[in-house]
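Participant: Got a structure here, written out as structure tokens. Questions coming.
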Amino acid sequence: QVHLVESGGGMVQAGGSLRLSCEASGRTSSWYSMGWFRQTPGKEREFVAAASYSGATTYYAAPMKVRFTIDRDNAKNTLYLQINSLKPEDTAVYFCAADTNPYYVNYTTLNDPQSEFEYWGQGIQVTVSS
């Protein structure tokens, strides 16, 4: 079992930056990939980014490559998402997720990357005001 708790969300003005954190507990976090997703009302949850268990390999949804940075600190069992130059359209609930399957997955090639992730956090609201 993996328990995930997100933090660092809130309300930010457009153009600002935010760093989300996701602390994992339970199964040792260094042995699985982790990722970020986001969801706005009325829309499906969308893939943002993911990092391999070591953090050496990262994956980004195409629109997220410029302003989003994912990284992880396995010593702290924590995954991060840095978002720069925030835009009102970044307003969403952001979810942290863990993929404990041991095989390699390139999430950017999947039609439904969220199906690879077994464990999910509760989500945290990010609101960007214009």
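The chains in the structure tokens are called A, B, ... from first to last as shown; in each chain the residues are counted from 1, and the ligands are counted from 1 in the order shown.
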Extract, using only C-alpha atoms, all DNA, RNA and protein residues at most 12 Å from A:Thr109, discarding same-chain residues fewer than 5 positions from it, and format them as a PyMOL selection string.
Facilitator: chain A and resi 47+59-62+114
Participant: So which residues touch stretch 25-41 of chain A within 7 Å, counting only C-alpha atoms, skipping near sequence neighbours fewer than 6 positions away, as a PyMOL selection string?
Facilitator: chain A and resi 1-4+47-54+74+77+92-101
Participant: Run DSSP on the backbone of this structure and report the residues of chain A it assigns to strand (DSSP E), as a ChimeraX atom specification.
Facilitator: /A:2-7,10-13,18-26,33-39,46-51,58-60,68-73,78-83,92-99,119-120,124-129
